[in-house]
file structure_24.cif (mmCIF, C-alpha atoms and all ligand atoms)
data_final
loop_
_atom_site.label_atom_id
_atom_site.label_comp_id
_atom_site.auth_asym_id
_atom_site.auth_seq_id
_atom_site.Cartn_x
_atom_site.Cartn_y
_atom_site.Cartn_z
CA MET A 1082 97.49 -19.77 279.48
CA THR A 1083 95.74 -23.02 278.58
CA ILE A 1084 97.13 -26.40 279.43
CA PRO A 1085 96.53 -29.47 277.29
CA SER A 1086 94.83 -32.31 279.11
CA GLN A 1087 96.76 -34.83 277.01
CA THR A 1088 100.24 -34.99 275.60
CA ALA A 1089 100.44 -32.69 272.59
CA SER A 1090 101.89 -33.80 269.29
CA PRO A 1091 105.01 -31.94 268.08
CA GLU A 1092 102.82 -29.88 265.71
CA GLN A 1093 100.32 -28.91 268.38
CA THR A 1094 102.30 -27.14 271.03
CA SER A 1095 100.25 -25.14 273.45
CA LEU A 1096 100.17 -21.47 274.21
CA ALA A 1097 101.60 -22.36 277.61
CA ALA A 1098 104.77 -23.83 276.07
CA ALA A 1099 105.17 -20.82 273.79
CA ALA A 1100 104.71 -18.45 276.74
CA ILE A 1101 107.23 -20.38 278.86
CA LEU A 1102 109.83 -20.22 276.10
CA GLU A 1103 109.21 -16.51 275.64
CA GLU A 1104 109.49 -15.93 279.39
CA CYS A 1105 112.85 -17.77 279.54
CA ARG A 1106 114.15 -15.67 276.65
CA LEU A 1107 112.98 -12.47 278.33
CA ILE A 1108 114.70 -13.44 281.58
CA ALA A 1109 117.82 -14.21 279.50
CA SER A 1110 117.94 -10.52 278.52
CA MET A 1111 118.44 -9.65 282.21
CA SER A 1112 122.21 -10.08 282.19
CA GLU A 1113 125.43 -8.60 283.56
CA GLU A 1114 126.89 -8.50 280.05
CA PRO A 1115 125.21 -7.02 276.97
CA GLY A 1116 124.72 -9.64 274.27
CA ARG A 1117 125.63 -12.55 276.56
CA ILE A 1118 123.68 -14.31 279.30
CA THR A 1119 125.68 -13.96 282.54
CA ARG A 1120 123.87 -13.68 285.85
CA ARG A 1121 125.92 -14.38 288.95
CA PHE A 1122 124.70 -14.58 292.55
CA LEU A 1123 122.93 -11.39 293.75
CA THR A 1124 124.18 -9.16 290.92
CA PRO A 1125 121.83 -6.36 289.73
CA PRO A 1126 120.09 -8.43 286.99
CA VAL A 1127 118.93 -10.84 289.73
CA SER A 1128 116.75 -7.98 291.11
CA GLN A 1129 115.21 -7.56 287.65
CA VAL A 1130 114.49 -11.29 287.40
CA TYR A 1131 112.95 -11.29 290.88
CA ALA A 1132 110.70 -8.30 290.09
CA ARG A 1133 109.40 -10.22 287.09
CA LEU A 1134 108.95 -13.57 288.87
CA ARG A 1135 107.50 -11.91 291.98
CA SER A 1136 104.69 -10.26 290.00
CA GLN A 1137 103.85 -13.61 288.37
CA MET A 1138 103.80 -15.39 291.73
CA LEU A 1139 101.57 -12.64 293.16
CA GLU A 1140 99.27 -13.03 290.14
CA VAL A 1141 98.92 -16.73 290.99
CA GLY A 1142 97.94 -15.72 294.53
CA MET A 1143 101.17 -16.69 296.25
CA THR A 1144 102.77 -14.98 299.25
CA VAL A 1145 106.24 -13.92 298.09
CA SER A 1146 109.46 -13.34 300.03
CA VAL A 1147 113.24 -13.39 299.57
CA ASP A 1148 115.16 -15.34 302.23
CA SER A 1149 118.58 -14.37 303.59
CA ALA A 1150 120.38 -16.52 301.02
CA GLY A 1151 118.65 -14.50 298.31
CA ASN A 1152 116.26 -17.25 297.23
CA LEU A 1153 112.93 -15.95 295.90
CA ARG A 1154 110.11 -17.96 297.48
CA GLY A 1155 106.40 -18.04 296.71
CA LEU A 1156 103.87 -19.93 298.82
CA TRP A 1157 100.35 -20.95 297.81
CA GLN A 1158 98.28 -22.13 300.74
CA PRO A 1159 94.79 -23.11 299.57
CA LYS A 1160 91.92 -22.67 302.01
CA GLY A 1161 91.00 -25.91 303.69
CA ALA A 1162 94.23 -27.69 302.69
CA GLY A 1163 96.77 -28.80 305.29
CA PRO A 1164 100.09 -26.98 305.74
CA ARG A 1165 102.12 -29.82 304.17
CA ARG A 1166 103.58 -28.34 301.06
CA MET A 1167 105.21 -29.61 297.89
CA VAL A 1168 108.24 -27.57 296.83
CA LEU A 1169 108.98 -26.91 293.15
CA GLY A 1170 111.88 -24.97 291.71
CA SER A 1171 115.36 -24.61 290.29
CA HIS A 1172 118.04 -21.90 290.06
CA ILE A 1173 118.14 -18.50 288.33
CA ASP A 1174 121.91 -17.85 288.34
CA THR A 1175 123.95 -18.79 285.29
CA VAL A 1176 127.47 -19.56 284.15
CA PRO A 1177 129.16 -16.84 282.03
CA ASP A 1178 127.86 -16.78 278.43
CA ALA A 1179 125.12 -19.24 279.34
CA GLY A 1180 122.02 -20.54 277.60
CA ALA A 1181 118.51 -19.35 278.43
CA TYR A 1182 117.07 -22.52 279.97
CA ASP A 1183 119.45 -24.13 282.49
CA GLY A 1184 117.70 -23.55 285.81
CA VAL A 1185 115.32 -20.78 284.70
CA LEU A 1186 113.09 -23.22 282.80
CA GLY A 1187 112.39 -25.14 286.01
CA VAL A 1188 111.33 -21.96 287.82
CA VAL A 1189 109.12 -20.65 285.01
CA MET A 1190 107.48 -24.08 284.61
CA ALA A 1191 106.92 -24.30 288.37
CA ILE A 1192 104.97 -21.02 288.27
CA GLU A 1193 102.86 -22.36 285.39
CA LEU A 1194 102.17 -25.58 287.32
CA ALA A 1195 101.15 -23.55 290.39
CA ARG A 1196 98.88 -21.42 288.18
CA GLN A 1197 97.15 -24.58 286.94
CA ALA A 1198 96.88 -26.01 290.47
CA VAL A 1199 95.21 -22.81 291.69
CA ALA A 1200 92.89 -22.70 288.65
CA ASN A 1201 91.87 -26.31 289.32
CA SER A 1202 91.41 -25.66 293.08
CA LEU A 1203 93.95 -28.36 293.89
CA PRO A 1204 93.95 -28.87 297.68
CA LEU A 1205 97.73 -28.85 297.96
CA ALA A 1206 100.04 -26.20 299.40
CA ILE A 1207 102.81 -25.38 296.91
CA GLU A 1208 106.04 -23.49 297.52
CA ILE A 1209 108.17 -22.33 294.61
CA ILE A 1210 111.84 -21.59 295.21
CA ALA A 1211 113.95 -19.74 292.66
CA PHE A 1212 117.40 -20.62 294.02
CA SER A 1213 119.78 -17.67 294.03
CA GLU A 1214 122.99 -19.63 293.49
CA GLU A 1215 123.73 -23.04 292.02
CA GLU A 1216 126.62 -22.64 289.59
CA GLY A 1217 129.30 -21.44 292.02
CA VAL A 1218 130.58 -18.78 289.61
CA ARG A 1219 130.79 -15.65 291.82
CA PHE A 1220 132.24 -17.15 295.02
CA GLY A 1221 133.69 -20.41 293.69
CA VAL A 1222 131.36 -22.54 295.85
CA PRO A 1223 128.17 -23.91 294.31
CA PHE A 1224 124.65 -24.47 295.76
CA LEU A 1225 124.70 -21.48 298.16
CA GLY A 1226 120.91 -21.11 297.80
CA SER A 1227 119.94 -24.74 298.27
CA ARG A 1228 122.48 -25.22 301.09
CA ALA A 1229 120.60 -22.56 303.09
CA VAL A 1230 117.21 -24.14 302.33
CA ALA A 1231 118.50 -27.59 303.29
CA GLY A 1232 119.90 -26.17 306.56
CA ARG A 1233 123.44 -26.98 305.44
CA PHE A 1234 124.85 -23.47 305.02
CA ASP A 1235 128.17 -23.25 306.84
CA PRO A 1236 128.50 -19.66 308.25
CA ALA A 1237 132.24 -19.83 307.41
CA LEU A 1238 131.17 -19.42 303.76
CA LEU A 1239 130.21 -15.79 304.51
CA ALA A 1240 133.93 -14.93 304.49
CA LEU A 1241 134.35 -16.04 300.85
CA ARG A 1242 135.32 -13.22 298.49
CA ASP A 1243 134.47 -12.72 294.83
CA ALA A 1244 136.93 -11.53 292.15
CA GLU A 1245 136.33 -7.89 293.18
CA GLY A 1246 137.10 -8.64 296.83
CA VAL A 1247 133.46 -8.37 297.98
CA SER A 1248 132.66 -10.85 300.74
CA LEU A 1249 129.63 -13.14 300.56
CA ASN A 1250 128.39 -11.48 303.75
CA GLN A 1251 128.64 -8.04 302.09
CA ALA A 1252 126.96 -9.27 298.89
CA ILE A 1253 123.96 -10.39 300.96
CA LEU A 1254 123.86 -7.01 302.77
CA ASP A 1255 124.22 -5.11 299.48
CA PHE A 1256 121.16 -6.96 298.16
CA GLY A 1257 119.19 -5.59 301.13
CA LEU A 1258 119.17 -8.87 303.05
CA ASP A 1259 120.33 -9.87 306.54
CA PRO A 1260 122.92 -12.69 306.76
CA GLY A 1261 121.77 -13.18 310.37
CA GLY A 1262 118.53 -14.59 309.00
CA LEU A 1263 120.22 -17.50 307.17
CA PRO A 1264 119.09 -20.17 309.66
CA GLN A 1265 115.46 -19.13 308.99
CA ALA A 1266 115.90 -19.92 305.28
CA GLN A 1267 115.82 -23.60 306.22
CA ILE A 1268 112.78 -25.47 304.90
CA GLY A 1269 110.16 -26.46 307.47
CA GLU A 1270 109.31 -29.97 308.62
CA ASP A 1271 105.88 -29.71 306.95
CA THR A 1272 107.36 -30.36 303.49
CA ILE A 1273 106.28 -33.32 301.37
CA GLY A 1274 109.26 -33.14 299.05
CA PHE A 1275 110.98 -31.28 296.22
CA LEU A 1276 110.54 -31.63 292.46
CA GLU A 1277 113.06 -30.02 290.11
CA ILE A 1278 112.33 -29.81 286.40
CA HIS A 1279 115.55 -29.25 284.45
CA ILE A 1280 117.06 -29.72 281.01
CA GLU A 1281 119.14 -32.89 280.66
CA GLN A 1282 122.32 -31.01 279.61
CA GLY A 1283 123.45 -34.17 277.82
CA PRO A 1284 122.72 -36.14 274.62
CA VAL A 1285 120.98 -39.29 275.94
CA LEU A 1286 117.29 -38.36 275.55
CA GLU A 1287 117.85 -36.95 272.07
CA ALA A 1288 119.78 -40.06 270.99
CA GLU A 1289 116.78 -42.17 272.04
CA ASN A 1290 114.25 -39.70 270.63
CA LEU A 1291 112.60 -39.17 274.02
CA SER A 1292 111.06 -36.06 275.54
CA LEU A 1293 111.56 -36.75 279.23
CA GLY A 1294 113.83 -38.59 281.66
CA VAL A 1295 113.15 -39.58 285.25
CA VAL A 1296 116.29 -38.97 287.29
CA THR A 1297 117.30 -41.83 289.57
CA GLY A 1298 120.09 -39.99 291.34
CA ILE A 1299 122.99 -37.62 290.99
CA VAL A 1300 126.18 -39.52 290.22
CA GLY A 1301 129.05 -39.73 292.68
CA GLN A 1302 132.44 -38.47 291.60
CA THR A 1303 136.12 -39.21 292.28
CA ARG A 1304 138.94 -37.01 291.09
CA CYS A 1305 142.56 -38.14 291.15
CA GLU A 1306 145.88 -36.83 289.99
CA LEU A 1307 148.53 -39.26 288.72
CA GLN A 1308 152.21 -38.82 288.01
CA PHE A 1309 154.15 -41.12 285.72
CA LEU A 1310 157.86 -40.67 286.48
CA GLY A 1311 160.31 -42.02 283.89
CA HIS A 1312 163.69 -40.71 282.68
CA ALA A 1313 164.10 -37.73 280.40
CA ASN A 1314 166.86 -38.34 277.88
CA HIS A 1315 168.13 -37.49 274.41
CA ALA A 1316 165.60 -38.40 271.71
CA GLY A 1317 168.39 -39.20 269.22
CA THR A 1318 170.93 -41.16 271.22
CA THR A 1319 168.72 -43.32 273.48
CA PRO A 1320 167.77 -46.65 271.78
CA MET A 1321 164.11 -47.68 272.00
CA THR A 1322 164.96 -50.64 274.22
CA LEU A 1323 166.70 -48.48 276.83
CA ARG A 1324 163.97 -45.85 277.30
CA HIS A 1325 161.70 -45.09 280.26
CA ASP A 1326 159.17 -42.88 278.49
CA ALA A 1327 156.63 -41.44 280.92
CA LEU A 1328 154.33 -40.17 278.17
CA ALA A 1329 154.14 -43.52 276.38
CA ALA A 1330 153.16 -45.10 279.73
CA ALA A 1331 150.52 -42.43 280.37
CA ALA A 1332 149.17 -42.86 276.84
CA GLU A 1333 148.85 -46.63 277.29
CA TRP A 1334 147.02 -46.03 280.56
CA ILE A 1335 144.65 -43.39 279.07
CA CYS A 1336 143.54 -45.92 276.44
CA ALA A 1337 143.04 -48.49 279.22
CA VAL A 1338 140.84 -45.99 281.14
CA GLU A 1339 138.55 -45.70 278.14
CA GLU A 1340 138.47 -49.45 277.61
CA ILE A 1341 137.74 -50.27 281.26
CA ALA A 1342 135.01 -47.63 281.58
CA ARG A 1343 133.31 -48.94 278.45
CA ARG A 1344 133.29 -52.52 279.66
CA PRO A 1345 129.68 -53.57 280.35
CA VAL A 1346 130.78 -56.06 283.02
CA LEU A 1347 131.43 -53.15 285.39
CA ASN A 1348 127.80 -52.14 285.28
CA PRO A 1349 125.48 -54.07 287.60
CA PRO A 1350 121.70 -53.88 287.28
CA LEU A 1351 121.28 -50.27 288.36
CA LEU A 1352 118.71 -47.77 289.40
CA GLY A 1353 118.30 -46.81 285.76
CA ASP A 1354 117.34 -49.30 283.05
CA HIS A 1355 120.28 -48.48 280.86
CA ALA A 1356 123.67 -49.72 281.87
CA GLU A 1357 125.68 -47.57 279.50
CA ALA A 1358 125.22 -44.48 281.65
CA ALA A 1359 126.43 -46.25 284.79
CA LEU A 1360 130.09 -45.29 284.65
CA VAL A 1361 132.09 -42.60 282.92
CA ALA A 1362 135.83 -42.06 283.27
CA THR A 1363 137.79 -39.19 281.76
CA VAL A 1364 141.42 -38.12 281.52
CA GLY A 1365 141.00 -34.46 280.66
CA LYS A 1366 144.35 -32.96 281.59
CA VAL A 1367 147.86 -33.99 280.60
CA ALA A 1368 151.07 -32.09 281.37
CA THR A 1369 154.35 -33.40 279.95
CA HIS A 1370 157.84 -32.52 281.20
CA PRO A 1371 160.07 -31.24 279.81
CA ASN A 1372 157.66 -31.05 276.84
CA ALA A 1373 160.29 -30.73 274.15
CA ALA A 1374 160.30 -32.35 270.71
CA ASN A 1375 163.81 -33.79 271.06
CA VAL A 1376 163.59 -35.06 274.66
CA ILE A 1377 162.04 -38.33 275.86
CA PRO A 1378 159.30 -37.28 278.31
CA GLY A 1379 160.58 -37.74 281.88
CA ALA A 1380 157.43 -36.94 283.86
CA VAL A 1381 153.74 -36.73 283.03
CA HIS A 1382 150.91 -35.42 285.24
CA VAL A 1383 147.40 -36.55 284.34
CA SER A 1384 143.94 -36.07 285.82
CA LEU A 1385 141.31 -38.77 286.31
CA ASP A 1386 137.59 -38.06 286.74
CA VAL A 1387 135.33 -41.05 287.46
CA ARG A 1388 131.56 -40.76 287.94
CA ALA A 1389 128.90 -43.38 288.56
CA ALA A 1390 125.36 -43.64 289.90
CA HIS A 1391 126.52 -46.36 292.31
CA ASP A 1392 129.31 -45.66 294.75
CA ALA A 1393 130.45 -49.30 294.72
CA VAL A 1394 130.80 -49.26 290.93
CA ARG A 1395 132.83 -46.05 291.11
CA GLU A 1396 135.06 -47.31 293.94
CA GLU A 1397 135.74 -50.56 292.12
CA ALA A 1398 136.54 -48.77 288.88
CA VAL A 1399 138.88 -46.26 290.56
CA ALA A 1400 140.73 -49.11 292.30
CA GLU A 1401 141.09 -51.00 289.03
CA LEU A 1402 142.23 -47.92 287.10
CA LEU A 1403 144.89 -47.03 289.69
CA GLU A 1404 146.04 -50.63 289.78
CA LYS A 1405 146.29 -50.61 285.99
CA ALA A 1406 148.45 -47.46 286.11
CA SER A 1407 150.83 -49.16 288.56
CA SER A 1408 151.12 -52.31 286.48
CA ILE A 1409 151.79 -50.36 283.26
CA ALA A 1410 154.44 -48.28 285.05
CA MET A 1411 156.10 -51.35 286.55
CA ARG A 1412 156.28 -53.16 283.20
CA ARG A 1413 157.89 -50.08 281.66
CA GLY A 1414 160.36 -49.65 284.51
CA ILE A 1415 159.02 -46.29 285.68
CA GLU A 1416 157.25 -45.04 288.78
CA CYS A 1417 153.63 -44.07 289.23
CA GLU A 1418 152.14 -42.06 292.08
CA SER A 1419 148.50 -41.19 292.58
CA LYS A 1420 146.59 -38.81 294.82
CA ARG A 1421 142.84 -38.62 295.46
CA LEU A 1422 141.60 -35.05 295.30
CA MET A 1423 137.88 -35.60 295.77
CA ASP A 1424 135.41 -38.36 296.66
CA GLN A 1425 131.79 -37.31 296.46
CA PRO A 1426 129.15 -39.98 297.04
CA ALA A 1427 126.13 -40.40 294.76
CA VAL A 1428 122.84 -38.87 295.96
CA PRO A 1429 119.89 -41.07 295.06
CA MET A 1430 116.56 -39.38 294.42
CA ASP A 1431 113.74 -40.42 296.75
CA GLU A 1432 112.40 -43.81 295.69
CA GLN A 1433 108.73 -43.17 296.51
CA LEU A 1434 108.52 -39.67 295.06
CA THR A 1435 110.39 -40.86 291.95
CA ALA A 1436 107.96 -43.80 291.61
CA VAL A 1437 105.03 -41.35 291.63
CA LEU A 1438 106.81 -39.24 288.99
CA ALA A 1439 107.42 -42.33 286.83
CA GLU A 1440 103.73 -43.32 287.13
CA CYS A 1441 102.78 -39.88 285.87
CA VAL A 1442 105.14 -40.14 282.90
CA GLU A 1443 103.47 -43.46 282.07
CA ALA A 1444 99.99 -42.02 282.59
CA ALA A 1445 100.89 -39.26 280.10
CA GLY A 1446 101.50 -42.00 277.53
CA LEU A 1447 105.27 -41.70 277.50
CA PRO A 1448 107.98 -44.32 278.02
CA VAL A 1449 109.66 -44.12 281.42
CA ARG A 1450 113.36 -43.55 280.82
CA ARG A 1451 115.18 -43.71 284.14
CA MET A 1452 118.62 -42.12 284.08
CA PRO A 1453 121.24 -40.82 286.46
CA SER A 1454 122.28 -37.17 286.31
CA GLY A 1455 125.95 -36.66 285.50
CA ALA A 1456 125.78 -33.04 286.70
CA GLY A 1457 125.04 -31.65 290.17
CA HIS A 1458 121.70 -29.93 290.84
CA ASP A 1459 119.82 -28.21 293.68
CA ALA A 1460 117.85 -31.48 294.06
CA MET A 1461 121.13 -33.13 295.09
CA VAL A 1462 121.49 -30.76 298.06
CA LEU A 1463 117.80 -30.79 299.02
CA GLY A 1464 117.79 -34.58 298.60
CA THR A 1465 119.97 -34.86 301.71
CA ARG A 1466 117.23 -33.17 303.74
CA LEU A 1467 113.88 -34.16 302.18
CA PRO A 1468 112.46 -36.48 299.51
CA ALA A 1469 113.58 -35.12 296.13
CA ALA A 1470 112.75 -36.05 292.54
CA MET A 1471 113.89 -34.69 289.17
CA LEU A 1472 112.40 -34.61 285.71
CA PHE A 1473 114.69 -34.01 282.72
CA LEU A 1474 113.64 -32.49 279.40
CA GLN A 1475 115.57 -33.33 276.26
CA SER A 1476 118.50 -31.00 275.48
CA PRO A 1477 118.59 -30.72 271.66
CA GLY A 1478 122.13 -31.42 270.46
CA GLY A 1479 123.04 -32.24 274.06
CA VAL A 1480 124.10 -28.58 274.30
CA SER A 1481 124.17 -26.75 277.65
CA HIS A 1482 126.17 -24.01 279.42
CA HIS A 1483 126.28 -22.44 275.96
CA PRO A 1484 124.20 -19.77 274.17
CA ASN A 1485 122.93 -22.44 271.74
CA GLU A 1486 121.12 -24.27 274.55
CA SER A 1487 117.51 -24.95 273.53
CA VAL A 1488 114.29 -26.72 274.53
CA ARG A 1489 111.53 -28.11 272.30
CA PRO A 1490 108.04 -26.68 272.95
CA HIS A 1491 106.58 -30.18 272.65
CA ASP A 1492 108.77 -31.39 275.51
CA ILE A 1493 107.62 -28.47 277.67
CA ASP A 1494 104.03 -29.53 277.02
CA THR A 1495 104.69 -33.14 277.96
CA ALA A 1496 106.57 -32.03 281.10
CA LEU A 1497 103.65 -29.76 282.07
CA THR A 1498 101.25 -32.68 281.65
CA VAL A 1499 103.45 -34.88 283.84
CA GLY A 1500 103.99 -32.14 286.43
CA SER A 1501 100.28 -31.45 286.66
CA LEU A 1502 99.45 -35.17 287.09
CA PHE A 1503 102.19 -35.38 289.72
CA LEU A 1504 100.74 -32.57 291.83
CA ARG A 1505 97.25 -34.05 291.51
CA ARG A 1506 98.48 -37.43 292.74
CA LEU A 1507 100.29 -35.86 295.66
CA ALA A 1508 97.15 -33.92 296.61
CA LEU A 1509 95.21 -37.22 296.64
CA LYS A 1510 97.88 -38.94 298.70
CA ILE A 1511 97.93 -36.37 301.50
CA VAL A 1512 94.15 -35.90 301.78
ZN ZN B 1601 121.17 -26.05 286.27
#
call {"tool": "encode", "arguments": {"input": "structure_24.cif", "output": "structure tokens"}}
result
Amino acid sequence: MTIPSQTASPEQTSLAAAAILEECRLIASMSEEPGRITRRFLTPPVSQVYARLRSQMLEVGMTVSVDSAGNLRGLWQPKGAGPRRMVLGSHIDTVPDAGAYDGVLGVVMAIELARQAVANSLPLAIEIIAFSEEEGVRFGVPFLGSRAVAGRFDPALLALRDAEGVSLNQAILDFGLDPGGLPQAQIGEDTIGFLEIHIEQGPVLEAENLSLGVVTGIVGQTRCELQFLGHANHAGTTPMTLRHDALAAAAEWICAVEEIARRPVLNPPLLGDHAEAALVATVGKVATHPNAANVIPGAVHVSLDVRAAHDAVREEAVAELLEKASSIAMRRGIECESKRLMDQPAVPMDEQLTAVLAECVEAAGLPVRRMPSGAGHDAMVLGTRLPAAMLFLQSPGGVSHHPNESVRPHDIDTALTVGSLFLRRLALKIV
């Protein structure tokens, strides 16, 4: 494969981009379900994918192994270079009826970047990790692969069971691996950092007609459950002035959630340049009781999901939204109760490594669009252990976790250019 030395125009996509797209589509055919892309943790198609990736890593000259968490790992150690390695990778498992690029693209591109590095005699050790599990589909817990690499795999997880009753411990054994070796899956101290290349899975880059985004961090998330408790009563005999309608209160509050989350004043100058992505708040679930056409709703359960790149912004918004719910309920003479189900702090990407990545985007002649990631990624887990950075490629139509997921060849070319510059700069820095 040949790699362009400069950013290609949309009409001049390289053979490398075409080959990467073809490779992703071929891997997509390795599925648990005919006609759909479904590849859960350590299911038979994973062996097929590994056979394919292993031969490519061997072709590059890498030493290849599978660790006890089922991650496929390739190491390139150039002669004369120090042992400090840069890790590249992403995940190869999928959600049911997935697209062909979420995760896999980052692995296939990493192999291409290693191929270039070897061809150019880059004096930098490179490890590629194809993470075995990120989506959490088979055992209901995500990031099993990257937890092991980050040294954060809780052995209690081995008791988890999938829908067929197979334990996680047994799944690892069935794949020919030894769960006792999990501690050895942990990444060594001689690691420079981790770069994950991934599709954006959202509409921002396309809306701004950009190829690439530099991820500033993975957003933090709070989930709450609220109950509005009014009085159910006859819809015909109860005058409007004497009602305590729980659904009307919830509806007023849902509109307030949207209004408050859209308010620019909540967004301070943030890691990213663009304030609009700083806070999102969603009410996605509503259950009304008794849910009858001729009864005033007596009780309503609603969900609240709040995400932000800054924990302080999220905390402040959650407090304001819960306060708003109480004040609406009080004015309407009903009760409101809330419960926090989850509080997950934001994980910032490493400042220095991200600065190098941004320099490379600039050096490739592209605008640097810093943005938080609204979804979790392996880089979020590895970022708790070592410097991590992420590069997003545009997701056409903002579509992901869907068979219509796609990637533009031109964006693959620009990402390869940036990735190649990035590895070259790191090699210079550690010499
Ligand atoms: Zn992914």
call {"tool": "closest_residue", "arguments": {"input": "structure_24.cif", "among": "A:Leu1186, A:Met1167, A:Ala1198, A:Ile1341", "to": "Pro1490 (chain A)", "atoms": "all atoms listed in the file"}}
result
A:Leu1186
call {"tool": "residues_around", "arguments": {"input": "structure_24.cif", "residues": "Leu1402 (chain A)", "least_positions_apart": "2", "cutoff": "8 Å", "atoms": "all atoms listed in the file", "output": "number ranges by chain"}}
result
A: 1337-1338, 1341, 1398-1400, 1404-1406
call {"tool": "closest_residue", "arguments": {"input": "structure_24.cif", "among": "A:Leu1509, A:Ala1332, A:Val1188, A:Leu1463", "to": "Arg1233 (chain A)", "atoms": "all atoms listed in the file"}}
result
A:Leu1463
call {"tool": "closest_residue", "arguments": {"input": "structure_24.cif", "among": "A:Leu1153, A:Val1247, A:Ala1456, A:Leu1203", "to": "ligand ZN 1601 (chain B)", "atoms": "only C-alpha atoms and all ligand atoms"}}
result
A:Ala1456
call {"tool": "closest_residue", "arguments": {"input": "structure_24.cif", "among": "A:Val1168, A:Ala1342, A:Val1383, A:Ile1173", "to": "ligand ZN 1601 (chain B)", "atoms": "only C-alpha atoms and all ligand atoms"}}
result
A:Ile1173
call {"tool": "residues_near_ligand", "arguments": {"input": "structure_24.cif", "ligand": "ligand ZN 1601 (chain B)", "cutoff": "12 Å", "atoms": "only C-alpha atoms and all ligand atoms", "output": "count of residues only"}}
result
46
call {"tool": "axis_aligned_box", "arguments": {"input": "structure_24.cif", "around": "region 1260-1264 of chain A", "padding_each_side": "3 Å", "output": "JSON"}}
result
{"center_x": 120.7, "center_y": -16.4, "center_z": 308.6, "size_x": 10.4, "size_y": 13.5, "size_z": 9.6}
call {"tool": "residues_around", "arguments": {"input": "structure_24.cif", "residues": "Pro1115 (chain A)", "least_positions_apart": "6", "cutoff": "12 Å", "atoms": "only C-alpha atoms", "output": "PDB file with C-alpha atoms, in the frame of the given file"}}
result
ATOM      1  CA  ALA A1109     117.820 -14.210 279.500  1.00  0.00           C
ATOM      2  CA  PRO A1126     120.090  -8.430 286.990  1.00  0.00           C
ATOM      3  CA  PRO A1177     129.160 -16.840 282.030  1.00  0.00           C
ATOM      4  CA  ASP A1178     127.860 -16.780 278.430  1.00  0.00           C
TER       5      ASP A1178
END
call {"tool": "residues_around", "arguments": {"input": "structure_24.cif", "residues": "region 1269-1274 of chain A", "least_positions_apart": "4", "cutoff": "9 Å", "atoms": "all atoms listed in the file", "output": "list in words"}}
result
Pro1164, Arg1165, Arg1166, Met1167, Val1168, Leu1169, Asp1431, Leu1434, Leu1463, Gly1464, Leu1467, Pro1468, Ala1469, Ala1470, Leu1507 and Ile1511 of chain A
call {"tool": "residues_near_point", "arguments": {"input": "structure_24.cif", "point": "(155.8, -34.4, 285.0)", "cutoff": "7 Å", "atoms": "all atoms listed in the file", "output": "list in words"}}
result
Gln1308, Phe1309, Leu1310, Ala1368, Thr1369, His1370, Gly1379, Ala1380, Val1381 and His1382 of chain A
call {"tool": "closest_residue", "arguments": {"input": "structure_24.cif", "among": "A:Glu1340, A:Asp1235, A:Asp1392, A:Glu1114", "to": "Pro1264 (chain A)", "atoms": "all atoms listed in the file"}}
result
A:Asp1235
call {"tool": "residues_around", "arguments": {"input": "structure_24.cif", "residues": "His1391 (chain A)", "least_positions_apart": "4", "cutoff": "9 Å", "atoms": "all atoms listed in the file", "output": "compact mmCIF listing (two decimals) with C-alpha atoms, in the coordinates of the input"}}
result
# COMPACT_ATOMS: atom_id res chain seq x y z
CA VAL A 1300 126.18 -39.52 290.22
CA GLY A 1301 129.05 -39.73 292.68
CA LEU A 1351 121.28 -50.27 288.36
CA LEU A 1352 118.71 -47.77 289.40
CA ALA A 1359 126.43 -46.25 284.79
CA LEU A 1360 130.09 -45.29 284.65
CA ARG A 1395 132.83 -46.05 291.11
CA GLU A 1396 135.06 -47.31 293.94
CA PRO A 1426 129.15 -39.98 297.04
CA ALA A 1427 126.13 -40.40 294.76
CA PRO A 1429 119.89 -41.07 295.06
call {"tool": "closest_residue", "arguments": {"input": "structure_24.cif", "among": "A:Leu1286, A:Ile1118, A:Val1376, A:Ala1445", "to": "Arg1324 (chain A)", "atoms": "only C-alpha atoms"}}
result
A:Val1376
call {"tool": "atom_distance", "arguments": {"input": "structure_24.cif", "atom1": "CA of Gly1294 (chain A)", "atom2": "CA of Ile1108 (chain A)"}}
result
25.2 Å
call {"tool": "atom_distance", "arguments": {"input": "structure_24.cif", "atom1": "CA of Gly1365 (chain A)", "atom2": "CA of Ile1415 (chain A)"}}
result
22.1 Å
call {"tool": "atom_distance", "arguments": {"input": "structure_24.cif", "atom1": "CA of Pro1371 (chain A)", "atom2": "CA of Arg1421 (chain A)"}}
result
24.4 Å
call {"tool": "residues_around", "arguments": {"input": "structure_24.cif", "residues": "Gly1151 (chain A)", "least_positions_apart": "3", "cutoff": "8 Å", "atoms": "all atoms listed in the file", "output": "PyMOL selection string"}}
result
chain A and resi 1123+1147-1148+1212-1213+1226+1253+1256+1258
call {"tool": "residues_near_point", "arguments": {"input": "structure_24.cif", "point": "(159.7, -40.8, 291.6)", "cutoff": "8 Å", "atoms": "only C-alpha atoms", "output": "VMD selection string"}}
result
chain A and resid 1310 to 1311 1416 to 1418
